[in-house]
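Here is the structure we will look at.
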Amino acid sequence: MTILLNNHGYDNESWRMEISRQLPELPVKVFGEPINPDEVVYAMVWNHPAGDLNRYPNLKAIFSLGAGAEHFVADPSLPDVPVILLADPAVARDMAAHALYWVLTFHRRYGDYGSQQKERVWHRKQIVPTGEFRVGVFGLGRIGTEVASRIHDFGYAVSGWDRSNRKIEGIDCYSGANSLPEFLSRNDVTINALPLSPETRHFLNEKIFAAMRPGGYFINISRGAVVDDESLLKVLDRDHLAGAALDAFAQEPLPAEHRYWCHPKVFVTPHMSGATFASSAAAVIANNVRRFELGLEVFPLFNREAGY
């Protein structure tokens with residue numbers, strides 16, 4: 001019994017070391033090394049070559065080495081075995097911290113103070129109390145719930161929207177298309193935590209951005225393709241939104257000629273809000289392997305029909 005490992009060429013040795021430490025009874029082979037296909041029982045992969053996983057006739061399950069499922073959606077030949085996504089609490093906490101940083105930056109107007117410092121200007125900006133600054137989170141799955149809860153813990157007025165009904169303590173939850181106008185119009189900052197799926201691609205379009213509160217801000221910690229870039233740029237250009245902090249993009253690395261790089265209202269970070277570390281993620285994956293071997297429930301399972 002062997003584990004096939006492929007983190008798309010990124011630090012495979014760290015993953016091998018951590019997985020071997022967690023599951024010492026299972027040898028780990030990195031994709032590209034000599035391997036007997038009949039011995040592979042688990043594949044732990046990210047952006048694995050489409051079609052290759054069909055080479056392993058005794059494959060029991062596939063484990064993702066990162067958040068998101070678009071690499072599985074892109075492989076129509078995926079074997080008919082369970083696919084388990086990665087739900088590392090450390091990643092969710094890091095993404096919540098990243099979102100909170102930008103909420104604080106926009107609320108407390110730290111960007112303005114940075115500009116004032118260059119001009120040696122001493123002027124205190126007026127802001128509303130923390131409890132009156134309203135933050136909305138698009139998508140109340142595992143990541144969105146963590147983001148909403150952590151920001152609420154800091155005293156902000158937090159609401160959330162999801163396609164299905166959710167109940168989260170301290171969070172005003174909205175659901176369904178009919179509630180979108182009310183949800184969008186109330187927020188000083190709107191955070192996107194929607195997963196990328198066929199239904200959410202370009203879901204955040206000009207109509208959605210135009211319905212956001214004038215002078216508000218937008219933060220994207222999800223996938224870039226959930227956002228229609230031209231629509232966001234239009235509402236920024238006409239000053240409907242005051243700024244956007246973007247950490248994920250439809251094309252990565254973000255092309256050097258893209259307008260986001262030089263737009264005065266856009267803050268670009270290189271998809272770093274929730275980095276996956278083998279030191280914590282391997283323990284989560286190993287626990288799911290042990291549960292799978294015992295016939296227990298594993299979480300979260302990839303829903304092929306929904307695409308996430």
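Every chain in the structure tokens has a letter given in the order shown (A, B, ...), and although residue numbers restart at 1 in each chain, ligands are simply numbered from 1 in the order shown.
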Give the helix (DSSP H, G or I) residues of segment 97-299 of chain A, as assigned by DSSP on the backbone, as a VMD selection string. chain A and resid 97 to 108 110 to 118 130 to 132 142 to 153 177 to 185 206 to 211 224 to 226 229 to 237 259 to 261 278 to 293
Val289 of chain A: which residues within 10 Å, counting only C-alpha atoms, same-chain residues fewer than 6 positions away excluded, as a PyMOL selection string? chain A and resi 23+42+61-63+84+283+295-296+298
Mind listing the strand (DSSP E or B) residues of segment 47-288 of chain A, per DSSP on the backbone, as a PyMOL selection string? chain A and resi 61-64+83-84+134-138+157-162+168+171-175+189-192+204+216-220+227+241-246+266-268
Output C-alpha atoms for every residue in the selection just made, as a compact mmCIF listing (two decimals), in the first residue's frame.
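Result file is out.txt:
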```txt
# COMPACT_ATOMS: atom_id res chain seq x y z
CA ALA A 61 -9.56 7.86 -2.28
CA ILE A 62 -8.07 11.17 -3.42
CA PHE A 63 -7.02 13.87 -0.97
CA SER A 64 -6.52 17.52 -1.90
CA VAL A 83 -12.41 12.97 -3.13
CA ILE A 84 -11.66 14.63 0.20
CA ARG A 134 -20.79 47.01 9.09
CA VAL A 135 -19.04 44.07 7.49
CA GLY A 136 -20.69 41.56 5.16
CA VAL A 137 -19.34 38.14 4.19
CA PHE A 138 -20.34 36.47 0.92
CA ALA A 157 -21.44 44.47 13.08
CA VAL A 158 -21.24 41.41 10.84
CA SER A 159 -23.75 39.93 8.43
CA GLY A 160 -23.42 37.07 5.98
CA TRP A 161 -25.06 35.83 2.81
CA ASP A 162 -25.24 32.31 1.46
CA ILE A 168 -24.34 31.59 13.13
CA ILE A 171 -24.17 37.04 12.67
CA ASP A 172 -27.18 38.36 10.74
CA CYS A 173 -27.60 35.69 8.08
CA TYR A 174 -29.22 36.26 4.68
CA SER A 175 -29.95 33.67 2.02
CA VAL A 189 -17.02 46.37 3.69
CA THR A 190 -18.03 43.27 1.74
CA ILE A 191 -15.78 40.18 1.83
CA ASN A 192 -15.96 37.43 -0.78
CA LEU A 204 -19.79 39.19 -8.48
CA GLY A 216 -17.83 50.96 0.57
CA TYR A 217 -14.91 48.57 0.21
CA PHE A 218 -14.47 45.09 -1.24
CA ILE A 219 -12.14 42.29 -0.09
CA ASN A 220 -11.56 39.08 -2.06
CA VAL A 227 -15.15 38.29 -9.57
CA LEU A 241 -16.57 51.89 -4.29
CA ALA A 242 -13.72 53.47 -2.35
CA GLY A 243 -11.28 50.58 -2.60
CA ALA A 244 -10.62 46.87 -3.04
CA ALA A 245 -8.14 44.49 -1.41
CA LEU A 246 -7.61 41.54 -3.75
CA VAL A 266 -6.69 48.51 -5.51
CA PHE A 267 -4.40 46.68 -3.08
CA VAL A 268 -2.83 43.53 -4.55
```
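Between atom CA of Arg201 of chain A and atom CA of Ala50 of chain A there is a distance of 21.3 Å.
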What does the distance between atom CA of Met44 of chain A and atom CA of Asn58 of chain A come to in Å, to one decimal place? 14.5 Å
Extract, using only C-alpha atoms, all DNA, RNA and protein residues at most 8 Å from Val30 of chain A, discarding same-chain residues fewer than 2 positions from it, and format them as a ChimeraX atom specification. /A:4-6,12,16,28,32-33
Next, write the just-selected residues to a file, as an mmCIF file, in the first residue's frame, keeping N, CA, C and O atoms as the atom set.
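Everything below was put into again_29.cif:
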```
data_model
loop_
_atom_site.group_PDB
_atom_site.id
_atom_site.type_symbol
_atom_site.label_atom_id
_atom_site.label_comp_id
_atom_site.auth_asym_id
_atom_site.auth_seq_id
_atom_site.Cartn_x
_atom_site.Cartn_y
_atom_site.Cartn_z
ATOM 1 N N LEU A 4 0.525 8.137 -3.253
ATOM 2 C CA LEU A 4 1.059 8.946 -4.346
ATOM 3 C C LEU A 4 0.950 10.413 -3.943
ATOM 4 O O LEU A 4 -0.132 10.888 -3.588
ATOM 5 N N LEU A 5 2.057 11.143 -3.990
ATOM 6 C CA LEU A 5 2.104 12.541 -3.557
ATOM 7 C C LEU A 5 2.482 13.447 -4.721
ATOM 8 O O LEU A 5 3.461 13.177 -5.428
ATOM 9 N N ASN A 6 1.712 14.509 -4.915
ATOM 10 C CA ASN A 6 2.068 15.506 -5.930
ATOM 11 C C ASN A 6 1.457 16.849 -5.555
ATOM 12 O O ASN A 6 0.268 17.085 -5.748
ATOM 13 N N ASN A 12 7.496 19.289 -2.260
ATOM 14 C CA ASN A 12 7.034 17.915 -2.067
ATOM 15 C C ASN A 12 7.759 17.211 -0.926
ATOM 16 O O ASN A 12 7.179 16.353 -0.253
ATOM 17 N N ARG A 16 6.212 15.059 2.043
ATOM 18 C CA ARG A 16 6.578 13.663 2.233
ATOM 19 C C ARG A 16 6.987 13.401 3.687
ATOM 20 O O ARG A 16 6.577 12.421 4.298
ATOM 21 N N VAL A 28 5.504 6.691 0.968
ATOM 22 C CA VAL A 28 5.074 7.834 0.161
ATOM 23 C C VAL A 28 5.985 7.954 -1.054
ATOM 24 O O VAL A 28 7.215 8.019 -0.921
ATOM 25 N N GLY A 32 6.361 11.046 -10.355
ATOM 26 C CA GLY A 32 7.555 11.114 -11.189
ATOM 27 C C GLY A 32 8.608 10.109 -10.768
ATOM 28 O O GLY A 32 9.496 9.756 -11.563
ATOM 29 N N GLU A 33 8.547 9.650 -9.511
ATOM 30 C CA GLU A 33 9.449 8.607 -9.043
ATOM 31 C C GLU A 33 8.943 7.246 -9.531
ATOM 32 O O GLU A 33 7.743 7.084 -9.788
#
```
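With only C-alpha atoms taken into account, the protein and nucleic acid residues at most 12 Å from segment 114-127 of chain A (excluding it and anything under 5 positions from it in its own chain) are Leu104, Thr105, Phe106, His107, Arg108, Arg109, Glu132, Phe133 and Asp188 of chain A.
Between atom CA of Gly307 of chain A and atom CA of Thr269 of chain A the interatomic distance comes to 26.1 Å.
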Counting only C-alpha atoms, which residues of segment 187-224 of chain A fall within 9 Å of segment 68-77 of chain A, and what is the closest atom pair for each with its distance in Å at one decimal, ordered by chain and rising number, as JSON lines?
```
{"residue": "A:Pro195", "atom": "CA", "partner": "A:Gly68", "partner_atom": "CA", "distance": 7.0}
{"residue": "A:Leu196", "atom": "CA", "partner": "A:Glu70", "partner_atom": "CA", "distance": 7.0}
{"residue": "A:Ser197", "atom": "CA", "partner": "A:Glu70", "partner_atom": "CA", "distance": 7.3}
{"residue": "A:Ser222", "atom": "CA", "partner": "A:Gly68", "partner_atom": "CA", "distance": 8.8}
{"residue": "A:Arg223", "atom": "CA", "partner": "A:Gly68", "partner_atom": "CA", "distance": 8.3}
```
Keeping C-alpha atoms, export the residues of the selection given above as a CSV table (one decimal), in the first residue's frame.
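Written out: part.csv:
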```csv
chain,number,residue,atom,x,y,z
A,195,PRO,CA,-16.1,28.9,-3.5
A,196,LEU,CA,-15.5,28.8,-7.2
A,197,SER,CA,-17.9,26.6,-9.0
A,222,SER,CA,-11.7,33.5,-2.4
A,223,ARG,CA,-11.0,32.6,-6.0
```
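Using only C-alpha atoms for every distance, the candidate list A:Met212, A:Leu140, A:Leu65, A:Val41 yields A:Met212 as the residue closest to Pro181 of chain A.
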